[in-house]
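Single-structure report; data block below.
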Amino acid sequence: MITAGGHVPDMTEMMILAKEAGLTHAAALDMDALEFREDVRAMCRSDRCNNYGKSWSCPPATGSTGRAKERISGYHRGIIVQTCGDISGSFDIEGTKRVMLMHKKNFDTFVRQVRMFFPDCLPMGAGACSRCRSCTYPDRPCRHPDRMYPSMEAYGLLVSDVAARSGLGYNYGENTMSFTSCILID
Ligand code: SF4
C-alpha cells in the first residue's frame with residue numbers, strides 16, 4: 001500500500017479529511033449494508049432520472065448486480081459522505097442543482113485525498129457522472145475513466161438504507177437537500 005509520508009490515516013483522520021473537503025456529514029460505512037438489490041436496478045430501468053442508458057456511470061453500462069458484488073467483495077472498509085445545503089423549497093430546481101454541484105466538487109476533492117493513501121479505493125458517486133458536457137456513451141470510451149464514479153444506485157445500493165445503517169440521515173429537513181456518495185478504501 002502506498003502511503004503519503006509513510007502515514008496511513010485512521011478512520012478519525014479520514015473523517016477530518018472529509019470535513020476539510022467541504023462534506024457536511026461523514027461516517028464509517030456499514031459494509032453489511034451493501035446489498036445489491038434488483039429492485040434498485042429496476043428503479044434505474046424505469047428511468048425516472050432520465051439517465052438510464054445514457055452514461056458510462058449508469059446501468060446498463062455498469063454491468064449486473066452480480067458484477068457489482070464481485071467488484072466490491074475485495075473491500076472491507078469504507079466511508080459514506082454527504083453534502084447538505086439549503087434550498088428555498090421542494091421546487092427549487094436551481095438550488096438543488098447548486099447543492100448537487102457542490103457535492104460533486106467536495107467528493108472530487110475527497111477522492112483525490114483518499115487516493116494519495118489508498119490508490120485502489122473505489123468511489124461511488126451521487127447520480128450520473130456529469131463531468132463532460134456530453135457523455136461519449138455508447139459510441140466511444142469514457143473520456144475520464146479514472147474520474148468517473150458510477151453511482152451508488154448503479155451498484156444496486158439503496159442509498160437511504162445504506163446511510164441509515166451507517167448512522168447518517170438522508171433527509172435533513174424542510175428546505176434542505178442532501179447528496180450522498182461513498183468510497184471503499186481497502
Ligand atoms: S467522464 Fe465524460 S464520458 Fe465518462 S461517464 Fe462522465 S460524462 Fe461520460
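In the C-alpha cells, each chain is lettered A, B, ... as it comes, each chain's residues begin at 1, and ligands are numbered from 1 in order of appearance.
Using only C-alpha atoms and all ligand atoms, residues with at least one atom at most 7 Å away from any atom of ligand 1 are Ser55, Trp56, Ser57, Cys129, Ser130, Arg131, Cys132, Arg133, Ser134, Cys135, Thr136, Tyr137, Pro141, Cys142, Arg143, His144, Pro145, Arg147 and Met148 of chain A.
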Store the residues of this selection in a file with N, CA, C and O atoms, as a tab-separated table (two decimals), in the first residue's frame.
chain	number	residue	atom	x	y	z
A	55	SER	N	-25.13	7.03	-19.95
A	55	SER	CA	-23.84	7.39	-19.34
A	55	SER	C	-23.07	6.12	-18.99
A	55	SER	O	-23.66	5.11	-18.61
A	56	TRP	N	-21.74	6.23	-19.06
A	56	TRP	CA	-20.89	5.11	-18.62
A	56	TRP	C	-21.03	4.89	-17.12
A	56	TRP	O	-20.65	3.84	-16.61
A	57	SER	N	-21.56	5.87	-16.39
A	57	SER	CA	-21.65	5.76	-14.93
A	57	SER	C	-22.95	5.12	-14.45
A	57	SER	O	-23.16	4.97	-13.26
A	129	CYS	N	-22.68	10.61	-13.77
A	129	CYS	CA	-21.49	11.45	-13.98
A	129	CYS	C	-21.88	12.63	-14.88
A	129	CYS	O	-22.58	12.46	-15.87
A	130	SER	N	-21.39	13.82	-14.50
A	130	SER	CA	-21.71	14.99	-15.34
A	130	SER	C	-20.42	15.73	-15.68
A	130	SER	O	-20.42	16.94	-15.88
A	131	ARG	N	-19.32	14.97	-15.73
A	131	ARG	CA	-18.03	15.62	-15.94
A	131	ARG	C	-17.91	16.28	-17.32
A	131	ARG	O	-17.31	17.33	-17.46
A	132	CYS	N	-18.47	15.63	-18.32
A	132	CYS	CA	-18.38	16.18	-19.68
A	132	CYS	C	-19.72	16.82	-20.06
A	132	CYS	O	-20.77	16.40	-19.59
A	133	ARG	N	-19.65	17.76	-20.96
A	133	ARG	CA	-20.89	18.38	-21.42
A	133	ARG	C	-21.79	17.35	-22.07
A	133	ARG	O	-23.00	17.35	-21.93
A	134	SER	N	-21.15	16.41	-22.80
A	134	SER	CA	-21.92	15.36	-23.45
A	134	SER	C	-21.17	14.04	-23.26
A	134	SER	O	-19.98	13.96	-23.57
A	135	CYS	N	-21.85	13.03	-22.71
A	135	CYS	CA	-21.18	11.75	-22.45
A	135	CYS	C	-20.94	11.01	-23.77
A	135	CYS	O	-21.74	11.09	-24.69
A	136	THR	N	-19.84	10.29	-23.83
A	136	THR	CA	-19.50	9.56	-25.05
A	136	THR	C	-20.28	8.26	-25.19
A	136	THR	O	-20.21	7.61	-26.24
A	137	TYR	N	-20.99	7.86	-24.13
A	137	TYR	CA	-21.72	6.59	-24.16
A	137	TYR	C	-22.79	6.60	-25.24
A	137	TYR	O	-23.50	7.60	-25.37
A	141	PRO	N	-15.20	5.26	-25.85
A	141	PRO	CA	-14.87	5.02	-24.43
A	141	PRO	C	-15.01	6.29	-23.60
A	141	PRO	O	-14.94	7.41	-24.13
A	142	CYS	N	-15.18	6.09	-22.32
A	142	CYS	CA	-15.26	7.22	-21.38
A	142	CYS	C	-14.00	8.07	-21.50
A	142	CYS	O	-12.89	7.55	-21.57
A	143	ARG	N	-14.16	9.39	-21.49
A	143	ARG	CA	-13.01	10.30	-21.62
A	143	ARG	C	-12.14	10.31	-20.36
A	143	ARG	O	-10.95	10.59	-20.42
A	144	HIS	N	-12.76	10.07	-19.21
A	144	HIS	CA	-12.02	10.19	-17.94
A	144	HIS	C	-12.33	8.99	-17.04
A	144	HIS	O	-12.95	9.16	-15.98
A	145	PRO	N	-11.92	7.80	-17.44
A	145	PRO	CA	-12.30	6.62	-16.64
A	145	PRO	C	-11.83	6.67	-15.19
A	145	PRO	O	-12.50	6.12	-14.31
A	147	ARG	N	-11.77	9.34	-13.39
A	147	ARG	CA	-12.50	10.39	-12.66
A	147	ARG	C	-14.00	10.23	-12.80
A	147	ARG	O	-14.78	11.12	-12.47
A	148	MET	N	-14.41	9.08	-13.30
A	148	MET	CA	-15.83	8.80	-13.47
A	148	MET	C	-16.24	7.82	-12.36
A	148	MET	O	-15.65	6.77	-12.22
Original post:
Skipping near chain neighbours, those fewer than 5 positions away, what residues fall within 12 Å of Val99 of chain A using only C-alpha atoms, listed as a PyMOL selection string?
Top reply: chain A and resi 22-24+82-88+92-94+104-106+126+175-180
Original post:
For Thr12 of chain A, which residue out of A:Met31, A:Glu174, A:Gly127, A:Ile79 is the nearest one, using only C-alpha atoms?
Top reply: A:Ile79
**OP:** Identify, on the basis of only C-alpha atoms, every residue whose closest approach to Cys44 of chain A does not exceed 12 Å; exclude the query and any residue fewer than 2 positions from it along the same chain; express the result as a count of residues only.
**Re:** 31
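If you measure from each of A:Ile185, A:Thr109, A:Pro138, A:Gly74 to Pro123 of chain A using only C-alpha atoms, the closest one turns out to be A:Ile185.
Considering only C-alpha atoms, the residue among A:Ile80, A:Asp10, A:Thr65, A:Gly95 positioned nearest to Arg165 of chain A is A:Ile80.
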Original post:
With only C-alpha atoms as the atoms that count, which of A:Met100, A:Leu17, A:Leu122, A:Leu29 lies nearest to Leu184 of chain A?
Top reply: A:Leu122
Quick one: everything within 6 Å of Met124 of chain A, counting only C-alpha atoms, minus sequence neighbours fewer than 2 positions away in the same chain. Send it as an mmCIF file with N, CA and C atoms, in the first residue's frame.
data_model
loop_
_atom_site.group_PDB
_atom_site.id
_atom_site.type_symbol
_atom_site.label_atom_id
_atom_site.label_comp_id
_atom_site.auth_asym_id
_atom_site.auth_seq_id
_atom_site.Cartn_x
_atom_site.Cartn_y
_atom_site.Cartn_z
ATOM 1 N N TYR A 149 -17.207 8.213 -11.530
ATOM 2 C CA TYR A 149 -17.624 7.346 -10.433
ATOM 3 C C TYR A 149 -19.034 6.837 -10.713
ATOM 4 N N PRO A 150 -19.200 5.525 -10.906
ATOM 5 C CA PRO A 150 -20.569 5.005 -11.033
ATOM 6 C C PRO A 150 -21.381 5.392 -9.804
ATOM 7 N N SER A 151 -22.663 5.597 -9.993
ATOM 8 C CA SER A 151 -23.498 5.996 -8.864
ATOM 9 C C SER A 151 -23.698 4.816 -7.911
ATOM 10 N N MET A 152 -24.044 5.119 -6.662
ATOM 11 C CA MET A 152 -24.339 4.052 -5.698
ATOM 12 C C MET A 152 -25.497 3.206 -6.211
ATOM 13 N N SER A 181 -22.548 10.041 -1.274
ATOM 14 C CA SER A 181 -21.601 9.212 -2.036
ATOM 15 C C SER A 181 -20.854 8.346 -1.027
ATOM 16 N N CYS A 182 -20.099 7.399 -1.517
ATOM 17 C CA CYS A 182 -19.273 6.620 -0.605
ATOM 18 C C CYS A 182 -17.992 6.203 -1.305
ATOM 19 N N ILE A 183 -17.063 5.765 -0.504
ATOM 20 C CA ILE A 183 -15.799 5.310 -1.071
ATOM 21 C C ILE A 183 -15.309 4.106 -0.273
#
Subject >> Which of chain A fall in strand (DSSP E), as a PyMOL selection string >> reply: chain A and resi 25-28+78-86+122-124+176-184
Could you write out, as an mmCIF file with C-alpha atoms, in the first residue's frame, all the residues of segment 17-70 of chain A that DSSP marks as alpha helix (DSSP H)?
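result23.cif written:
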data_model
loop_
_atom_site.group_PDB
_atom_site.id
_atom_site.type_symbol
_atom_site.label_atom_id
_atom_site.label_comp_id
_atom_site.auth_asym_id
_atom_site.auth_seq_id
_atom_site.Cartn_x
_atom_site.Cartn_y
_atom_site.Cartn_z
ATOM 1 C CA LEU A 17 -10.263 14.868 5.567
ATOM 2 C CA ALA A 18 -13.914 14.601 4.528
ATOM 3 C CA LYS A 19 -14.865 17.700 6.523
ATOM 4 C CA GLU A 20 -11.874 19.599 5.123
ATOM 5 C CA GLU A 38 -32.507 -5.862 -8.126
ATOM 6 C CA ASP A 39 -35.380 -3.551 -7.117
ATOM 7 C CA VAL A 40 -32.951 -0.615 -7.134
ATOM 8 C CA ARG A 41 -31.774 -1.582 -10.612
ATOM 9 C CA ALA A 42 -35.427 -1.789 -11.645
ATOM 10 C CA MET A 43 -35.819 1.824 -10.487
ATOM 11 C CA CYS A 44 -32.868 2.720 -12.739
ATOM 12 C CA ARG A 45 -34.547 0.943 -15.652
ATOM 13 C CA SER A 46 -37.745 2.900 -15.079
ATOM 14 C CA THR A 65 -25.536 -6.553 -9.660
ATOM 15 C CA GLY A 66 -23.502 -9.783 -9.655
ATOM 16 C CA ARG A 67 -20.578 -7.930 -11.175
ATOM 17 C CA ALA A 68 -21.040 -5.109 -8.641
ATOM 18 C CA LYS A 69 -20.930 -7.611 -5.791
ATOM 19 C CA GLU A 70 -17.791 -9.188 -7.194
#
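Among the candidates A:Val81, A:Gly89, A:Asp186, A:His25, the one nearest to Phe118 of chain A when counting only C-alpha atoms is A:Asp186.
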